[in-house]
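The structure file protein.cif is reproduced below (mmCIF, C-alpha atoms and all ligand atoms).
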```cif
data_final
#
loop_
_atom_site.label_atom_id
_atom_site.label_comp_id
_atom_site.auth_asym_id
_atom_site.auth_seq_id
_atom_site.Cartn_x
_atom_site.Cartn_y
_atom_site.Cartn_z
CA MET A 1228 25.74 -20.86 14.23
CA ASN A 1229 24.80 -17.57 12.59
CA PHE A 1230 23.80 -17.40 8.94
CA ILE A 1231 27.05 -15.74 7.80
CA GLU A 1232 29.11 -18.57 9.35
CA TYR A 1233 26.77 -21.17 7.89
CA PHE A 1234 27.01 -19.63 4.43
CA SER A 1235 30.80 -19.39 4.74
CA GLN A 1236 31.00 -23.05 5.60
CA HIS A 1237 28.69 -24.29 2.86
CA VAL A 1238 29.29 -21.97 -0.09
CA THR A 1239 32.03 -19.36 0.19
CA LYS A 1240 33.68 -17.24 2.84
CA VAL A 1241 31.77 -14.09 3.86
CA LYS A 1242 32.94 -11.52 6.38
CA VAL A 1243 31.06 -8.54 7.85
CA VAL A 1244 33.15 -5.58 9.00
CA PRO A 1245 31.90 -2.32 10.59
CA LYS A 1246 32.30 0.26 7.84
CA GLU A 1247 33.30 3.07 10.18
CA GLN A 1248 36.27 1.01 11.43
CA SER A 1249 37.68 0.31 7.98
CA SER A 1250 40.51 2.56 6.84
CA PHE A 1251 40.06 1.11 3.34
CA MET A 1252 36.45 2.36 3.27
CA LYS A 1253 37.52 5.79 4.61
CA MET A 1254 40.05 6.00 1.80
CA LEU A 1255 37.40 5.07 -0.80
CA GLY A 1256 35.11 7.70 0.74
CA GLY A 1257 37.88 10.25 0.27
CA PHE A 1258 38.07 9.40 -3.43
CA LEU A 1259 34.30 9.81 -3.73
CA THR A 1260 34.44 13.29 -2.18
CA LEU A 1261 37.15 14.18 -4.69
CA GLY A 1262 35.03 12.64 -7.47
CA LYS A 1263 32.03 14.70 -6.38
CA LYS A 1264 34.09 17.90 -6.52
CA LEU A 1265 35.10 16.90 -10.03
CA LYS A 1266 31.43 16.03 -10.78
CA LEU A 1267 32.27 12.39 -11.55
CA THR A 1268 30.26 10.85 -8.71
CA ASN A 1269 27.05 11.75 -6.92
CA ILE A 1270 27.94 10.83 -3.36
CA ASP A 1271 30.57 12.14 -0.98
CA LYS A 1272 32.43 10.46 1.87
CA GLN A 1273 29.88 11.24 4.58
CA SER A 1274 26.99 9.75 2.63
CA PHE A 1275 29.11 6.79 1.50
CA MET A 1276 30.14 5.98 5.09
CA ASN A 1277 26.67 6.48 6.62
CA ASP A 1278 24.09 5.52 4.02
CA TYR A 1279 25.64 2.66 2.06
CA THR A 1280 26.68 -0.90 2.77
CA THR A 1281 29.57 -1.81 0.45
CA THR A 1282 30.73 -5.29 -0.53
CA ILE A 1283 34.15 -5.96 -2.00
CA GLY A 1284 35.31 -9.52 -2.57
CA HIS A 1285 34.33 -11.60 0.47
CA THR A 1286 33.86 -8.63 2.77
CA ILE A 1287 30.65 -6.73 3.50
CA TYR A 1288 31.37 -3.31 5.03
CA SER A 1289 28.27 -2.21 6.90
CA ASN A 1290 27.09 -0.07 9.78
CA ASP A 1291 23.63 -1.63 9.58
CA MET A 1292 24.41 -5.26 10.38
CA THR A 1293 27.00 -7.57 11.95
CA GLU A 1294 27.78 -11.25 11.37
CA ASP A 1295 25.40 -12.07 14.21
CA SER A 1296 22.45 -10.16 12.77
CA ASP A 1297 19.40 -12.12 11.68
CA PRO A 1298 19.32 -12.75 7.92
CA SER A 1299 17.70 -9.74 6.27
CA SER A 1300 16.92 -8.30 2.91
CA LEU A 1301 20.16 -6.28 3.14
CA MET A 1302 22.24 -9.30 4.16
CA THR A 1303 21.02 -11.52 1.31
CA HIS A 1304 21.50 -8.64 -1.17
CA GLU A 1305 25.13 -8.21 -0.12
CA ILE A 1306 25.81 -11.96 -0.08
CA CYS A 1307 24.68 -11.99 -3.71
CA HIS A 1308 27.40 -9.40 -4.42
CA VAL A 1309 29.95 -11.70 -2.72
CA LEU A 1310 28.96 -14.48 -5.14
CA GLN A 1311 29.14 -12.08 -8.09
CA PHE A 1312 32.70 -11.10 -7.12
CA LYS A 1313 33.77 -14.70 -7.70
CA VAL A 1314 33.19 -14.16 -11.42
CA CYS A 1315 36.36 -13.01 -13.12
CA GLY A 1316 36.05 -9.43 -14.37
CA MET A 1317 32.89 -8.67 -12.42
CA SER A 1318 34.37 -5.72 -10.55
CA THR A 1319 35.58 -4.08 -13.75
CA ALA A 1320 32.22 -4.64 -15.44
CA TYR A 1321 30.42 -3.28 -12.37
CA LEU A 1322 32.58 -0.16 -12.17
CA PHE A 1323 32.71 0.76 -15.84
CA SER A 1324 29.47 -0.52 -17.37
CA PRO A 1325 26.19 0.97 -16.09
CA LYS A 1326 24.35 -1.80 -17.98
CA GLN A 1327 26.27 -4.52 -16.14
CA ARG A 1328 25.81 -2.62 -12.89
CA ALA A 1329 22.03 -2.59 -13.47
CA PHE A 1330 22.13 -6.35 -14.01
CA TYR A 1331 24.22 -7.09 -10.90
CA GLU A 1332 22.13 -4.83 -8.64
CA SER A 1333 18.85 -6.19 -9.99
CA GLU A 1334 20.12 -9.73 -9.39
CA ALA A 1335 20.96 -8.83 -5.77
CA ALA A 1336 17.46 -7.34 -5.42
CA GLN A 1337 16.04 -10.61 -6.76
CA ALA A 1338 18.00 -12.55 -4.13
CA SER A 1339 16.32 -10.50 -1.37
CA LEU A 1340 12.87 -10.98 -2.90
CA LEU A 1341 13.37 -14.72 -3.22
CA CYS A 1342 14.59 -15.04 0.38
CA PHE A 1343 11.87 -12.75 1.76
CA PRO A 1344 8.88 -13.37 -0.49
CA GLY A 1345 6.53 -11.17 1.57
CA THR A 1346 7.79 -8.00 -0.15
CA LYS A 1347 5.07 -6.23 -2.12
CA THR A 1348 6.38 -5.67 -5.65
CA ASP A 1349 3.75 -3.27 -6.99
CA ASP A 1350 4.29 -0.37 -9.44
CA ALA A 1351 5.48 1.88 -6.61
CA TRP A 1352 8.15 -0.69 -5.69
CA VAL A 1353 9.28 -0.88 -9.33
CA GLU A 1354 9.54 2.92 -9.51
CA ARG A 1355 11.59 3.04 -6.29
CA LYS A 1356 13.97 0.40 -7.65
CA VAL A 1357 14.30 2.17 -11.01
CA LYS A 1358 15.17 5.41 -9.22
CA TRP A 1359 17.64 3.53 -6.99
CA LEU A 1360 19.44 2.13 -10.06
CA MET A 1361 19.46 5.59 -11.66
CA ASP A 1362 21.28 6.82 -8.53
CA TYR A 1363 23.90 4.21 -9.41
CA GLY A 1364 24.34 5.89 -12.79
CA CYS A 1365 22.08 3.59 -14.84
CA LYS A 1366 19.82 4.88 -17.62
CA GLU A 1367 16.11 4.81 -16.83
CA THR A 1368 15.23 2.47 -19.72
CA VAL A 1369 17.99 0.01 -18.78
CA ALA A 1370 17.10 0.19 -15.09
CA ARG A 1371 13.41 -0.51 -15.77
CA ARG A 1372 14.17 -3.34 -18.19
CA GLU A 1373 16.49 -5.11 -15.71
CA ILE A 1374 14.18 -4.71 -12.70
CA LEU A 1375 11.16 -5.98 -14.69
CA ALA A 1376 13.22 -8.89 -16.06
CA ARG A 1377 14.23 -10.00 -12.53
CA LEU A 1378 10.59 -9.73 -11.36
CA ASP A 1379 9.42 -11.71 -14.37
CA GLU A 1380 11.93 -14.49 -13.67
CA LEU A 1381 10.61 -14.69 -10.11
CA LYS A 1382 7.00 -14.85 -11.30
CA ARG A 1383 7.85 -17.65 -13.74
CA GLY A 1384 9.55 -19.53 -10.89
CA GLU A 1385 12.89 -19.24 -12.69
CA PRO A 1386 15.10 -17.04 -10.53
CA LEU A 1387 18.79 -16.71 -11.42
CA ALA A 1388 21.31 -19.20 -10.07
CA ARG A 1389 22.94 -17.02 -7.40
CA PRO A 1390 19.65 -15.98 -5.74
CA GLN A 1391 18.62 -19.66 -5.79
CA VAL A 1392 21.79 -20.70 -3.97
CA ILE A 1393 21.31 -18.04 -1.25
CA CYS A 1394 17.66 -18.96 -0.75
CA GLN A 1395 18.46 -22.68 -0.53
CA ILE A 1396 21.19 -22.08 2.05
CA LEU A 1397 18.80 -19.87 4.05
CA ILE A 1398 16.26 -22.72 4.08
CA ASP A 1399 18.95 -25.22 5.13
CA TRP A 1400 20.21 -22.88 7.85
CA LYS A 1401 16.68 -22.43 9.26
CA ALA A 1402 16.22 -26.21 9.27
CA SER A 1403 19.54 -26.72 11.06
CA ASN A 1404 18.63 -24.31 13.89
ZN ZN B 1 23.88 -3.77 -4.18
#
```

Mind turning this structure into structure tokens?
Amino acid sequence: MNFIEYFSQHVTKVKVVPKEQSSFMKMLGGFLTLGKKLKLTNIDKQSFMNDYTTTIGHTIYSNDMTEDSDPSSLMTHEICHVLQFKVCGMSTAYLFSPKQRAFYESEAAQASLLCFPGTKTDDAWVERKVKWLMDYGCKETVARREILARLDELKRGEPLARPQVICQILIDWKASN
């Protein structure tokens, strides 16, 4: 059984859909192009379709992985978003509050780090992550604070609950194979 199926069975349903085949994603991309023309967003449809994996509800829209792919940093990051969507009001908070967005993205980054502890989290890594959050419309100070907070929780051995769940299921899945 692949990891997506295993996770779906033990925690909550997750689906992976090729982004390029989703008319819903194409429509969202169209809105982004319009938003870019109106200077409301930074990315247009082409970049959205090619460069980003997008998770909405239980569905991960991606051109970079399928349900059969080996668990990866990207996969665990997106599964964390699936768990976040189960919280009432998350999508509104994510869309309209850059502070909340910084928290949710940094939590997903923590999930990847916890599942793949080999990642080197030096100053250069922190700077890359801060810049990445700024591309999502977050202020530099907020972005840095959230990234450093998630790293600190990891160092103290107190990661957040959702990353812990994903990591535990990954360990169980490996043991079951
Ligand atoms: Zn994300």

Check: Contacts of range 1290-1299 of chain A at 6 Å or less, counting all atoms listed in the file, minus same-chain residues fewer than 4 places along, as a PyMOL selection string?
Finding: chain A and resi 1229+1231+1243+1245-1246

Next item on the list: Dump as a PyMOL selection string all residues having an atom at most 6 Å from (30.6, -7.0, -4.3), computed in the file's coordinates with only C-alpha atoms.
Entry: chain A and resi 1282-1284+1308-1309+1312

Note to self: Can you tell me which residues surround range 1378-1388 of chain A at a distance of at most 12 Å, considering all atoms listed in the file, apart from same-chain residues fewer than 4 positions away, and format the answer as an NGL selection string?
What the structure shows: :A and (1307 or 1310-1311 or 1330-1331 or 1333-1342 or 1344 or 1346-1350 or 1352-1353 or 1356 or 1371-1374 or 1392-1395)

Notebook entry, point to check: Residues at most 7 Å from Val1244 in chain A, counting all atoms listed in the file, excluding those fewer than 6 positions away in the same chain, as number ranges by chain?
Noted result: A: 1286-1289

Checklist line | One-decimal distance in Å that lies between CA of Lys1326 in chain A and CA of Cys1365 in chain A | finding: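 Going from CA of Cys1365 in chain A over to CA of Lys1326 in chain A, I get 6.6 Å.
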
Next item on the list: Could you check how far CA of Asp1362 in chain A sits from CA of Leu1267 in chain A, in Å to one decimal?
Entry: 12.7 Å
